[in-house]
>>> print(open('start_14.cif').read())   # mmCIF, C-alpha atoms and all ligand atoms
data_run
loop_
_atom_site.label_atom_id
_atom_site.label_comp_id
_atom_site.auth_asym_id
_atom_site.auth_seq_id
_atom_site.Cartn_x
_atom_site.Cartn_y
_atom_site.Cartn_z
CA MET A 54 117.98 130.72 104.52
CA ILE A 55 117.44 127.38 102.76
CA PRO A 56 113.86 127.45 101.35
CA PHE A 57 111.44 124.97 102.97
CA ILE A 58 109.95 124.43 99.53
CA ASP A 59 111.20 126.18 96.41
CA LEU A 60 108.49 127.13 93.93
CA LYS A 61 110.56 129.95 92.46
CA THR A 62 113.31 127.71 91.10
CA GLN A 63 110.66 125.36 89.76
CA TYR A 64 108.95 128.27 87.98
CA GLN A 65 112.24 129.45 86.45
CA ALA A 66 112.84 125.93 85.11
CA LEU A 67 109.38 125.72 83.56
CA LYS A 68 108.73 129.35 82.71
CA PRO A 69 108.23 129.04 78.90
CA GLN A 70 105.94 126.00 79.26
CA ILE A 71 103.85 127.58 82.01
CA GLN A 72 103.52 130.89 80.19
CA LYS A 73 102.57 129.16 76.94
CA ARG A 74 99.91 127.11 78.71
CA ILE A 75 98.47 130.16 80.48
CA ASP A 76 98.52 132.20 77.24
CA ASP A 77 96.62 129.45 75.45
CA VAL A 78 93.82 129.66 78.03
CA LEU A 79 93.71 133.46 77.84
CA GLU A 80 93.45 133.20 74.05
CA HIS A 81 90.67 130.60 73.87
CA GLY A 82 88.85 132.14 76.85
CA GLN A 83 87.12 129.01 78.19
CA TYR A 84 87.92 129.70 81.80
CA ILE A 85 85.41 127.21 83.20
CA MET A 86 85.64 123.56 82.04
CA GLY A 87 87.88 124.50 79.10
CA PRO A 88 89.76 121.85 77.09
CA GLU A 89 92.70 121.77 79.55
CA VAL A 90 90.40 120.29 82.22
CA ARG A 91 89.73 117.07 80.34
CA GLU A 92 93.28 117.05 78.93
CA LEU A 93 94.65 117.01 82.46
CA GLU A 94 92.19 114.33 83.57
CA ILE A 95 93.25 112.09 80.67
CA ARG A 96 96.93 112.61 81.54
CA LEU A 97 96.31 111.77 85.20
CA GLU A 98 94.19 108.71 84.33
CA ALA A 99 97.14 107.42 82.29
CA TYR A 100 99.60 108.30 85.05
CA THR A 101 97.72 106.57 87.88
CA GLY A 102 96.12 103.82 85.81
CA ALA A 103 92.69 104.78 87.19
CA ARG A 104 89.71 104.54 84.82
CA HIS A 105 88.41 107.94 85.89
CA CYS A 106 89.94 111.20 87.04
CA ILE A 107 87.57 114.00 88.05
CA THR A 108 89.39 117.27 88.74
CA CYS A 109 87.83 119.54 91.34
CA ALA A 110 88.27 122.78 93.24
CA SER A 111 90.63 121.48 95.95
CA GLY A 112 91.72 118.43 97.90
CA THR A 113 89.11 119.31 100.49
CA GLU A 114 86.42 119.36 97.80
CA ALA A 115 87.67 116.01 96.48
CA LEU A 116 87.06 114.47 99.92
CA LEU A 117 83.66 116.13 100.24
CA MET A 118 82.51 115.08 96.77
CA SER A 119 83.73 111.50 97.33
CA LEU A 120 81.79 111.22 100.57
CA MET A 121 78.72 112.75 98.86
CA ALA A 122 79.01 110.30 95.97
CA LEU A 123 78.99 107.44 98.49
CA GLY A 124 75.89 108.92 100.09
CA VAL A 125 77.51 109.52 103.49
CA GLY A 126 75.20 111.53 105.73
CA PRO A 127 73.77 112.01 109.22
CA GLY A 128 74.13 109.00 111.51
CA ASP A 129 76.90 107.45 109.43
CA GLU A 130 80.38 106.78 110.72
CA VAL A 131 83.65 107.12 108.81
CA ILE A 132 86.79 105.54 110.23
CA THR A 133 89.86 107.73 109.82
CA THR A 134 93.03 108.99 111.48
CA SER A 135 93.31 111.88 113.92
CA PHE A 136 96.90 112.56 112.85
CA THR A 137 96.21 114.53 109.68
CA PHE A 138 95.22 117.90 108.27
CA ALA A 139 91.78 119.04 109.45
CA ALA A 140 90.09 118.64 106.04
CA THR A 141 90.09 114.85 106.39
CA ALA A 142 87.68 114.82 109.35
CA GLU A 143 86.10 118.18 108.54
CA MET A 144 84.30 116.94 105.43
CA ILE A 145 82.89 113.96 107.35
CA VAL A 146 81.50 116.29 110.01
CA LEU A 147 80.20 118.75 107.41
CA LEU A 148 77.95 116.00 106.02
CA GLY A 149 76.56 115.27 109.47
CA ALA A 150 78.48 112.02 109.80
CA LYS A 151 80.83 111.08 112.63
CA PRO A 152 84.58 110.64 112.27
CA VAL A 153 85.70 107.59 114.22
CA PHE A 154 89.36 108.08 114.99
CA VAL A 155 91.76 105.15 114.93
CA ASP A 156 95.32 105.51 116.20
CA VAL A 157 98.42 105.48 114.01
CA GLU A 158 101.58 103.38 113.83
CA PRO A 159 104.35 105.02 115.88
CA ASP A 160 106.98 104.63 113.15
CA THR A 161 105.17 105.55 109.88
CA CYS A 162 102.49 107.80 111.46
CA ASN A 163 99.97 106.12 109.12
CA LEU A 164 96.71 104.45 110.21
CA ASN A 165 97.19 101.31 112.31
CA VAL A 166 95.24 98.64 110.44
CA ALA A 167 95.11 96.31 113.44
CA ALA A 168 92.99 98.89 115.31
CA ILE A 169 90.38 99.37 112.55
CA GLU A 170 88.30 96.22 112.96
CA ALA A 171 87.30 96.98 116.56
CA LYS A 172 85.83 100.32 115.43
CA ILE A 173 83.61 98.93 112.65
CA THR A 174 79.88 99.09 113.44
CA PRO A 175 76.73 98.64 111.31
CA ARG A 176 76.88 102.42 110.74
CA THR A 177 80.39 102.42 109.24
CA ARG A 178 79.95 103.83 105.73
CA ALA A 179 83.57 104.35 104.72
CA ILE A 180 87.18 103.97 105.82
CA MET A 181 89.40 106.94 105.03
CA PRO A 182 93.15 106.37 105.53
CA VAL A 183 95.60 109.18 104.83
CA SER A 184 98.86 108.50 102.99
CA LEU A 185 100.72 110.84 105.31
CA TYR A 186 103.90 112.70 104.34
CA GLY A 187 103.70 111.11 100.88
CA GLN A 188 103.97 107.45 101.92
CA VAL A 189 101.00 105.25 101.07
CA ALA A 190 99.16 103.71 104.06
CA ASP A 191 98.66 99.91 104.32
CA MET A 192 96.09 99.95 101.55
CA ASN A 193 96.05 96.19 100.79
CA GLU A 194 95.35 95.36 104.43
CA ILE A 195 92.79 98.16 104.77
CA ASN A 196 91.00 97.00 101.60
CA ALA A 197 90.97 93.45 103.00
CA VAL A 198 89.39 94.55 106.30
CA ALA A 199 86.81 96.59 104.35
CA ALA A 200 86.02 93.62 102.09
CA ARG A 201 85.54 91.29 105.08
CA HIS A 202 82.92 93.66 106.50
CA GLY A 203 80.56 93.82 103.54
CA ASN A 204 82.71 95.80 101.12
CA ILE A 205 82.92 99.06 103.03
CA PRO A 206 84.15 101.74 100.55
CA VAL A 207 87.73 102.92 101.12
CA ILE A 208 88.77 106.51 100.33
CA GLU A 209 92.52 107.15 100.23
CA ASP A 210 93.25 110.74 101.27
CA SER A 211 96.22 111.01 98.94
CA ALA A 212 96.51 114.81 99.17
CA GLN A 213 100.19 114.35 100.10
CA SER A 214 101.02 111.26 98.06
CA PHE A 215 100.29 111.92 94.39
CA GLY A 216 103.05 110.15 92.47
CA ALA A 217 103.91 107.70 95.26
CA ASP A 218 104.33 104.00 94.45
CA TYR A 219 102.75 101.14 96.33
CA GLU A 220 103.95 97.69 95.25
CA GLY A 221 104.18 98.79 91.64
CA ARG A 222 100.89 100.67 91.63
CA LYS A 223 100.21 104.37 92.07
CA SER A 224 98.71 106.21 95.01
CA CYS A 225 95.15 107.45 94.24
CA ASN A 226 94.37 104.20 92.38
CA LEU A 227 94.49 101.77 95.30
CA SER A 228 90.93 101.75 96.66
CA THR A 229 87.30 102.68 95.91
CA LEU A 230 88.23 106.35 95.60
CA GLY A 231 91.46 108.33 95.82
CA CYS A 232 91.54 112.07 96.54
CA THR A 233 94.47 114.36 95.87
CA SER A 234 95.27 118.07 96.14
CA PHE A 235 97.15 120.45 93.85
CA PHE A 236 97.66 123.04 96.60
CA PRO A 237 100.90 124.84 95.63
CA SER A 238 103.07 123.13 98.26
CA LYS A 239 101.95 119.56 97.50
CA PRO A 240 104.22 117.31 95.41
CA LEU A 241 102.22 118.24 92.27
CA GLY A 242 100.90 121.75 92.80
CA CYS A 243 99.14 124.46 90.79
CA TYR A 244 99.13 128.22 91.42
CA GLY A 245 96.02 128.30 93.55
CA ASP A 246 93.56 125.65 94.65
CA GLY A 247 92.90 122.41 92.82
CA GLY A 248 92.33 118.73 93.41
CA ALA A 249 91.22 115.47 91.84
CA ILE A 250 89.24 112.32 92.54
CA PHE A 251 90.25 108.95 91.08
CA THR A 252 88.10 105.82 90.79
CA ASN A 253 87.58 102.72 88.68
CA ASP A 254 83.85 102.70 89.44
CA ASP A 255 81.79 104.14 86.55
CA GLU A 256 78.78 105.03 88.73
CA LEU A 257 80.83 106.80 91.37
CA ALA A 258 82.70 108.69 88.66
CA GLN A 259 79.41 109.81 87.12
CA ALA A 260 78.12 110.86 90.56
CA CYS A 261 81.29 112.91 91.18
CA ARG A 262 81.01 114.59 87.75
CA GLU A 263 77.41 115.56 88.51
CA ILE A 264 78.14 116.72 92.05
CA ARG A 265 80.93 118.94 90.66
CA VAL A 266 78.39 120.97 88.66
CA HIS A 267 75.48 121.35 91.08
CA GLY A 268 74.18 117.84 90.58
CA GLN A 269 73.48 118.32 86.87
CA SER A 270 73.21 115.24 84.70
CA ARG A 271 72.45 117.53 81.75
CA ARG A 272 72.37 121.29 81.54
CA TYR A 273 69.75 122.57 84.00
CA VAL A 274 68.66 119.05 84.89
CA HIS A 275 69.58 118.68 88.56
CA THR A 276 69.48 114.98 89.33
CA ARG A 277 70.99 115.34 92.80
CA VAL A 278 72.23 117.98 95.23
CA GLY A 279 75.79 118.97 94.33
CA LEU A 280 77.99 122.01 94.58
CA GLY A 281 80.24 124.29 92.54
CA GLY A 282 83.35 122.14 92.72
CA ARG A 283 85.17 122.66 89.43
CA MET A 284 88.89 123.23 89.02
CA ASP A 285 89.71 126.37 86.98
CA THR A 286 90.93 125.82 83.42
CA LEU A 287 93.94 128.04 84.25
CA GLN A 288 94.95 125.84 87.17
CA CYS A 289 94.63 122.72 85.02
CA ALA A 290 96.89 124.41 82.47
CA VAL A 291 99.50 125.05 85.19
CA VAL A 292 99.45 121.41 86.30
CA LEU A 293 99.78 120.26 82.67
CA ALA A 294 102.92 122.38 82.34
CA LYS A 295 104.29 121.11 85.65
CA LEU A 296 103.80 117.49 84.56
CA GLU A 297 106.70 118.03 82.13
CA ARG A 298 109.10 118.08 85.06
CA PHE A 299 107.18 115.87 87.47
CA GLU A 300 108.94 112.55 86.84
CA TRP A 301 112.30 114.25 87.26
CA GLU A 302 111.08 115.90 90.46
CA ILE A 303 109.90 112.57 91.87
CA GLU A 304 113.31 111.05 91.10
CA ARG A 305 115.01 113.97 92.83
CA ARG A 306 112.73 113.67 95.86
CA LEU A 307 113.62 109.99 96.13
CA GLU A 308 117.34 110.78 95.89
CA ILE A 309 117.11 113.57 98.46
CA GLY A 310 115.03 111.34 100.75
CA ALA A 311 117.64 108.59 100.51
CA LEU A 312 120.42 111.08 101.22
CA TYR A 313 118.54 112.42 104.25
CA ASN A 314 118.04 108.83 105.47
CA ALA A 315 121.72 107.96 105.20
CA THR A 316 122.93 111.23 106.71
CA LEU A 317 120.47 111.26 109.62
CA ASP A 318 121.19 107.58 110.35
CA ARG A 319 124.85 108.50 110.66
CA PHE A 320 123.94 111.08 113.31
CA GLY A 321 121.54 108.67 115.04
CA ILE A 322 118.51 110.88 114.40
CA THR A 323 115.19 108.99 114.18
CA ARG A 324 112.80 109.66 111.33
CA VAL A 325 109.49 108.49 109.89
CA ALA A 326 109.97 104.85 108.88
CA GLN A 327 109.64 103.84 105.24
CA ARG A 328 108.08 100.50 104.36
CA GLN A 329 109.48 98.10 101.75
CA GLY A 330 107.84 98.28 98.32
CA ARG A 331 106.63 101.86 98.75
CA ASN A 332 108.24 104.96 97.34
CA SER A 333 107.27 108.00 99.36
CA VAL A 334 107.14 111.27 97.42
CA PHE A 335 108.16 113.06 100.65
CA ALA A 336 105.51 115.74 100.67
CA GLN A 337 107.23 116.22 104.02
CA TYR A 338 110.53 114.83 105.25
CA THR A 339 109.79 114.29 108.91
CA VAL A 340 111.99 113.41 111.89
CA PHE A 341 111.27 112.75 115.57
CA VAL A 342 112.85 115.10 118.12
CA ASP A 343 112.46 115.93 121.80
CA ALA A 344 112.35 119.52 123.09
CA ARG A 345 111.11 120.46 119.64
CA ASP A 346 110.61 124.20 120.23
CA ALA A 347 114.24 124.63 121.23
CA VAL A 348 115.48 122.57 118.28
CA GLN A 349 113.34 124.59 115.86
CA GLY A 350 114.67 127.81 117.35
CA LYS A 351 118.30 126.77 116.93
CA LEU A 352 117.74 125.60 113.36
CA LYS A 353 116.03 128.86 112.50
CA GLU A 354 119.09 130.75 113.76
CA ALA A 355 121.20 128.54 111.50
CA GLY A 356 119.03 129.51 108.50
CA ILE A 357 117.04 126.28 108.35
CA PRO A 358 113.24 126.51 108.40
CA THR A 359 111.18 123.68 109.87
CA ALA A 360 107.46 122.96 110.27
CA VAL A 361 105.20 120.74 112.34
CA HIS A 362 102.68 118.40 110.68
CA TYR A 363 100.64 118.32 112.93
CA PRO A 364 100.92 119.78 116.43
CA ILE A 365 97.47 118.70 117.70
CA PRO A 366 95.61 115.51 116.70
CA LEU A 367 92.08 116.24 115.44
CA ASN A 368 90.35 114.45 118.33
CA MET A 369 91.98 117.01 120.65
CA GLN A 370 90.97 120.05 118.57
CA PRO A 371 88.21 122.29 119.96
CA ALA A 372 85.96 121.71 116.93
CA TYR A 373 86.17 117.92 117.10
CA ALA A 374 86.82 117.07 120.76
CA HIS A 375 83.13 116.49 121.51
CA LEU A 376 82.97 113.83 118.78
CA CYS A 377 85.54 111.59 120.32
CA CYS A 378 87.38 110.90 123.55
CA ALA A 379 90.42 113.13 123.93
CA ASP A 380 92.74 110.24 124.75
CA CYS A 381 91.53 107.68 122.19
CA THR A 382 94.60 108.10 119.96
CA PRO A 383 97.51 108.23 122.44
CA ILE A 384 100.20 107.46 119.87
CA ALA A 385 99.04 110.35 117.68
CA ALA A 386 99.08 112.58 120.77
CA GLU A 387 102.69 111.63 121.49
CA LEU A 388 103.81 111.98 117.86
CA ALA A 389 102.23 115.44 117.70
CA GLN A 390 104.77 116.53 120.33
CA ARG A 391 107.76 115.07 118.51
CA VAL A 392 107.37 115.36 114.72
CA MET A 393 109.31 118.01 112.84
CA SER A 394 109.54 118.43 109.06
CA LEU A 395 112.74 119.54 107.31
CA PRO A 396 113.13 121.41 104.01
CA MET A 397 112.18 119.15 101.08
CA HIS A 398 111.85 119.99 97.40
CA ALA A 399 113.25 118.74 94.11
CA ASP A 400 115.87 121.50 93.88
CA LEU A 401 117.47 120.88 97.27
CA SER A 402 121.18 120.09 96.80
CA ALA A 403 123.24 117.37 98.44
CA PRO A 404 125.43 119.88 100.34
CA GLU A 405 122.26 121.55 101.67
CA VAL A 406 120.98 118.20 102.95
CA GLU A 407 124.35 117.57 104.63
CA ARG A 408 124.24 121.02 106.22
CA ILE A 409 120.67 120.54 107.48
CA ALA A 410 121.55 117.17 109.02
CA LEU A 411 124.69 118.58 110.65
CA GLU A 412 122.86 121.58 112.11
CA LEU A 413 120.06 119.30 113.32
CA SER A 414 122.54 117.03 115.10
CA LYS A 415 124.11 120.08 116.76
CA ALA A 416 120.70 121.46 117.75
CA ILE A 417 119.74 118.14 119.32
CA GLY A 418 123.26 117.90 120.78
C1 LIG B 1 96.40 119.41 101.90
C2 LIG B 1 95.55 118.33 102.46
C3 LIG B 1 94.16 118.29 102.27
C4 LIG B 1 93.39 119.43 101.65
O1 LIG B 1 93.78 119.80 100.39
P1 LIG B 1 93.42 121.29 99.86
O2 LIG B 1 93.71 121.22 98.41
O3 LIG B 1 94.28 122.23 100.61
O4 LIG B 1 91.97 121.50 100.14
C5 LIG B 1 93.46 117.20 102.75
N1 LIG B 1 94.07 116.20 103.39
C6 LIG B 1 95.40 116.21 103.61
C7 LIG B 1 96.02 115.06 104.31
C8 LIG B 1 96.18 117.27 103.17
O5 LIG B 1 97.50 117.28 103.41
#
>>> encode(input="start_14.cif", output="structure tokens")
Amino acid sequence: MIPFIDLKTQYQALKPQIQKRIDDVLEHGQYIMGPEVRELEIRLEAYTGARHCITCASGTEALLMSLMALGVGPGDEVITTSFTFAATAEMIVLLGAKPVFVDVEPDTCNLNVAAIEAKITPRTRAIMPVSLYGQVADMNEINAVAARHGNIPVIEDSAQSFGADYEGRKSCNLSTLGCTSFFPSKPLGCYGDGGAIFTNDDELAQACREIRVHGQSRRYVHTRVGLGGRMDTLQCAVVLAKLERFEWEIERRLEIGALYNATLDRFGITRVAQRQGRNSVFAQYTVFVDARDAVQGKLKEAGIPTAVHYPIPLNMQPAYAHLCCADCTPIAAELAQRVMSLPMHADLSAPEVERIALELSKAIG
């Protein structure tokens, strides 16, 4: 079986660095907000070019804390995509606000900017695009729409796109706030839960830092309502060790993505489109197929695991259906039937990619 993602090989390659980093934490014993937390934030600020990085407990928490920092609450609306992981809309609903779903582009699966303007109302408090599968959404155009309507804040859900390029800039540093995840299977993962918020706005950064520790501006001075949203020192140490190989891994992902593109094109298999001037980090490498269940079954028999991101758009999920019409994102509904992700990780070899493409062409046959 070819691994869908390969964290074991990555660990073997980084074992001394990871163990050293973990040992250091065990020795100094500052498990909460230890020195590795700020060290990681400084590294990620330099990497993305953002003025502020605030690490937090998960990608989900990053979205929640960002929305809280903006003051999103009951009666507010947040424009987002239905074709994403649940956390994107979930945090909006958790705060009593309403997710307003806009449909996606049929080729990139990212938010369709042309459909945003019609959904803006006086209650719109934020726009939250997702940089799906590791390719940045149309952030310039989204920022422009937001600016035209009284500077609506824009939150990039970059849980899948940390490390991706967008016209020479980095994902996470393209809008009011950027939120990423260090869930183990993301392009930059830790060994548990972790996440980070990025912003160039000093006040929002301060708000996020306070929210992360129960709204404290100083010890036991609770200026606002917050939560326990810190990232563990140990997890920050793991990410610091993984950064040593990250640039190489991104290069490999780009090479493997390009090889997939060329090989699948040869077989006439359609795939998620990639826009000029953007380097996807391929959190997922995703193709479009018909009769997906059968294709997945045949590939499994051939030793090739696949996955579906995502089988049901959020507006059609039981928990969210009442918030939105079931058929308001028809393109997302159709894509949900046809998307299928193939193995993708930095240690995938060229012959493995060739074999996957060949087996896929046979399965589609
Ligand atoms: C993974 C993911 C999240 C949530 O991140 P966690 O760290 O698992 O909480 C949010 N949005 C998207 C698009 C994701 O892929």
>>> closest_residue(input="start_14.cif", among="A:Ile71, A:Leu296, A:Met144, A:Val348", to="ligand LIG 1 (chain B)", atoms="all atoms listed in the file")
A:Met144
>>> axis_aligned_box(input="start_14.cif", around="stretch 224-232 of chain A", padding_each_side="5 Å", output="lines of an AutoDock Vina configuration file")
center_x = 93.0
center_y = 106.9
center_z = 94.5
size_x = 21.4
size_y = 20.3
size_z = 14.3
>>> closest_residue(input="start_14.cif", among="A:Asn332, A:Thr252, A:Asn193, A:Gln337", to="ligand LIG 1 (chain B)", atoms="all atoms listed in the file")
A:Gln337
>>> atom_distance(input="start_14.cif", atom1="atom CA of A:Glu92", atom2="atom CA of A:Arg271")
21.0 Å
>>> closest_atom_pairs(input="start_14.cif", of="chain A", to="ligand LIG 1 (chain B)", cutoff="10 Å", atoms="all atoms listed in the file", output="Markdown table")
| residue | atom | partner | partner_atom | distance |
| --- | --- | --- | --- | --- |
| A:Cys109 | CA | B:LIG1 | O2 | 9.3 |
| A:Ala110 | CA | B:LIG1 | O2 | 7.7 |
| A:Ser111 | CA | B:LIG1 | O2 | 4.0 |
| A:Gly112 | CA | B:LIG1 | O2 | 3.5 |
| A:Thr113 | CA | B:LIG1 | O4 | 3.6 |
| A:Glu114 | CA | B:LIG1 | O4 | 6.4 |
| A:Ala115 | CA | B:LIG1 | O4 | 7.9 |
| A:Leu116 | CA | B:LIG1 | C5 | 7.5 |
| A:Leu117 | CA | B:LIG1 | O4 | 9.9 |
| A:Thr134 | CA | B:LIG1 | C7 | 9.9 |
| A:Phe136 | CA | B:LIG1 | C7 | 8.9 |
| A:Thr137 | CA | B:LIG1 | C7 | 5.4 |
| A:Phe138 | CA | B:LIG1 | C7 | 4.9 |
| A:Ala139 | CA | B:LIG1 | N1 | 7.1 |
| A:Ala140 | CA | B:LIG1 | C5 | 4.9 |
| A:Thr141 | CA | B:LIG1 | N1 | 5.2 |
| A:Ala142 | CA | B:LIG1 | N1 | 8.8 |
| A:Glu143 | CA | B:LIG1 | C5 | 9.4 |
| A:Met144 | CA | B:LIG1 | C5 | 9.5 |
| A:Pro182 | CA | B:LIG1 | C7 | 9.2 |
| A:Val183 | CA | B:LIG1 | C7 | 5.9 |
| A:Ser184 | CA | B:LIG1 | C7 | 7.3 |
| A:Leu185 | CA | B:LIG1 | C7 | 6.4 |
| A:Tyr186 | CA | B:LIG1 | O5 | 7.9 |
| A:Gly187 | CA | B:LIG1 | O5 | 9.1 |
| A:Glu209 | CA | B:LIG1 | C7 | 9.6 |
| A:Asp210 | CA | B:LIG1 | N1 | 5.9 |
| A:Ser211 | CA | B:LIG1 | C7 | 6.7 |
| A:Ala212 | CA | B:LIG1 | C8 | 4.7 |
| A:Gln213 | CA | B:LIG1 | O5 | 5.2 |
| A:Ser214 | CA | B:LIG1 | O5 | 8.8 |
| A:Cys232 | CA | B:LIG1 | C5 | 8.3 |
| A:Thr233 | CA | B:LIG1 | O1 | 7.1 |
| A:Ser234 | CA | B:LIG1 | O2 | 4.2 |
| A:Phe235 | CA | B:LIG1 | O2 | 5.8 |
| A:Phe236 | CA | B:LIG1 | O2 | 4.7 |
| A:Pro237 | CA | B:LIG1 | O2 | 8.5 |
| A:Ser238 | CA | B:LIG1 | C1 | 8.5 |
| A:Lys239 | CA | B:LIG1 | C1 | 7.1 |
| A:Gly242 | CA | B:LIG1 | O2 | 9.1 |
| A:Cys243 | CA | B:LIG1 | O2 | 9.9 |
| A:Gly245 | CA | B:LIG1 | O2 | 8.9 |
| A:Asp246 | CA | B:LIG1 | O2 | 5.8 |
| A:Gly247 | CA | B:LIG1 | O2 | 5.8 |
| A:Gly248 | CA | B:LIG1 | O2 | 5.8 |
| A:Ala249 | CA | B:LIG1 | O2 | 9.1 |
| A:Ala336 | CA | B:LIG1 | O5 | 8.6 |
| A:Gln337 | CA | B:LIG1 | O5 | 9.8 |
| A:His362 | CA | B:LIG1 | O5 | 9.0 |
>>> atom_distance(input="start_14.cif", atom1="atom CA of A:Glu405", atom2="atom CA of A:Val292")
27.5 Å
>>> closest_residue(input="start_14.cif", among="A:Glu302, A:Glu308, A:Gly124, A:Val361", to="A:Asp59", atoms="all atoms listed in the file")
A:Glu302
>>> closest_residue(input="start_14.cif", among="A:Cys289, A:Ala150, A:Ala410, A:Leu123", to="A:Ala315", atoms="all atoms listed in the file")
A:Ala410
>>> atom_distance(input="start_14.cif", atom1="atom CA of A:Arg176", atom2="atom CA of A:Cys378")
18.6 Å
>>> residues_around(input="start_14.cif", residues="stretch 101-104 of chain A", least_positions_apart="5", cutoff="10 Å", atoms="only C-alpha atoms", output="ChimeraX atom specification")
/A:95-96,215-218,222-227,230-231,250-255,258
>>> closest_residue(input="start_14.cif", among="A:Pro206, A:Cys106, A:Lys61, A:Pro404", to="A:Val125", atoms="only C-alpha atoms")
A:Pro206
>>> decode(input="start_14.cif", residues="stretch 155-167 of chain A", atoms="N, CA and C atoms", output="compact mmCIF listing (two decimals), in the first residue's frame")
# COMPACT_ATOMS: atom_id res chain seq x y z
N VAL A 155 -21.48 31.09 -0.17
CA VAL A 155 -21.32 31.51 -1.56
C VAL A 155 -20.73 30.31 -2.30
N ASP A 156 -21.15 30.14 -3.56
CA ASP A 156 -20.69 28.97 -4.30
C ASP A 156 -19.22 29.11 -4.74
N VAL A 157 -18.68 27.99 -5.21
CA VAL A 157 -17.26 27.95 -5.58
C VAL A 157 -17.08 27.93 -7.09
N GLU A 158 -15.85 28.12 -7.53
CA GLU A 158 -15.50 27.98 -8.94
C GLU A 158 -15.43 26.48 -9.25
N PRO A 159 -15.95 26.06 -10.40
CA PRO A 159 -15.97 24.62 -10.69
C PRO A 159 -14.58 24.04 -10.95
N ASP A 160 -13.60 24.86 -11.29
CA ASP A 160 -12.29 24.29 -11.62
C ASP A 160 -11.31 24.30 -10.46
N THR A 161 -11.30 25.39 -9.64
CA THR A 161 -10.35 25.43 -8.51
C THR A 161 -11.01 24.98 -7.21
N CYS A 162 -12.33 24.95 -7.17
CA CYS A 162 -13.09 24.63 -5.94
C CYS A 162 -12.97 25.72 -4.88
N ASN A 163 -12.36 26.85 -5.21
CA ASN A 163 -12.25 27.97 -4.28
C ASN A 163 -13.43 28.94 -4.48
N LEU A 164 -13.65 29.79 -3.47
CA LEU A 164 -14.76 30.74 -3.48
C LEU A 164 -14.83 31.53 -4.79
N ASN A 165 -16.05 31.65 -5.32
CA ASN A 165 -16.28 32.40 -6.56
C ASN A 165 -16.51 33.87 -6.21
N VAL A 166 -15.49 34.68 -6.48
CA VAL A 166 -15.54 36.09 -6.06
C VAL A 166 -16.74 36.82 -6.66
N ALA A 167 -17.08 36.49 -7.90
CA ALA A 167 -18.17 37.19 -8.58
C ALA A 167 -19.50 37.03 -7.85
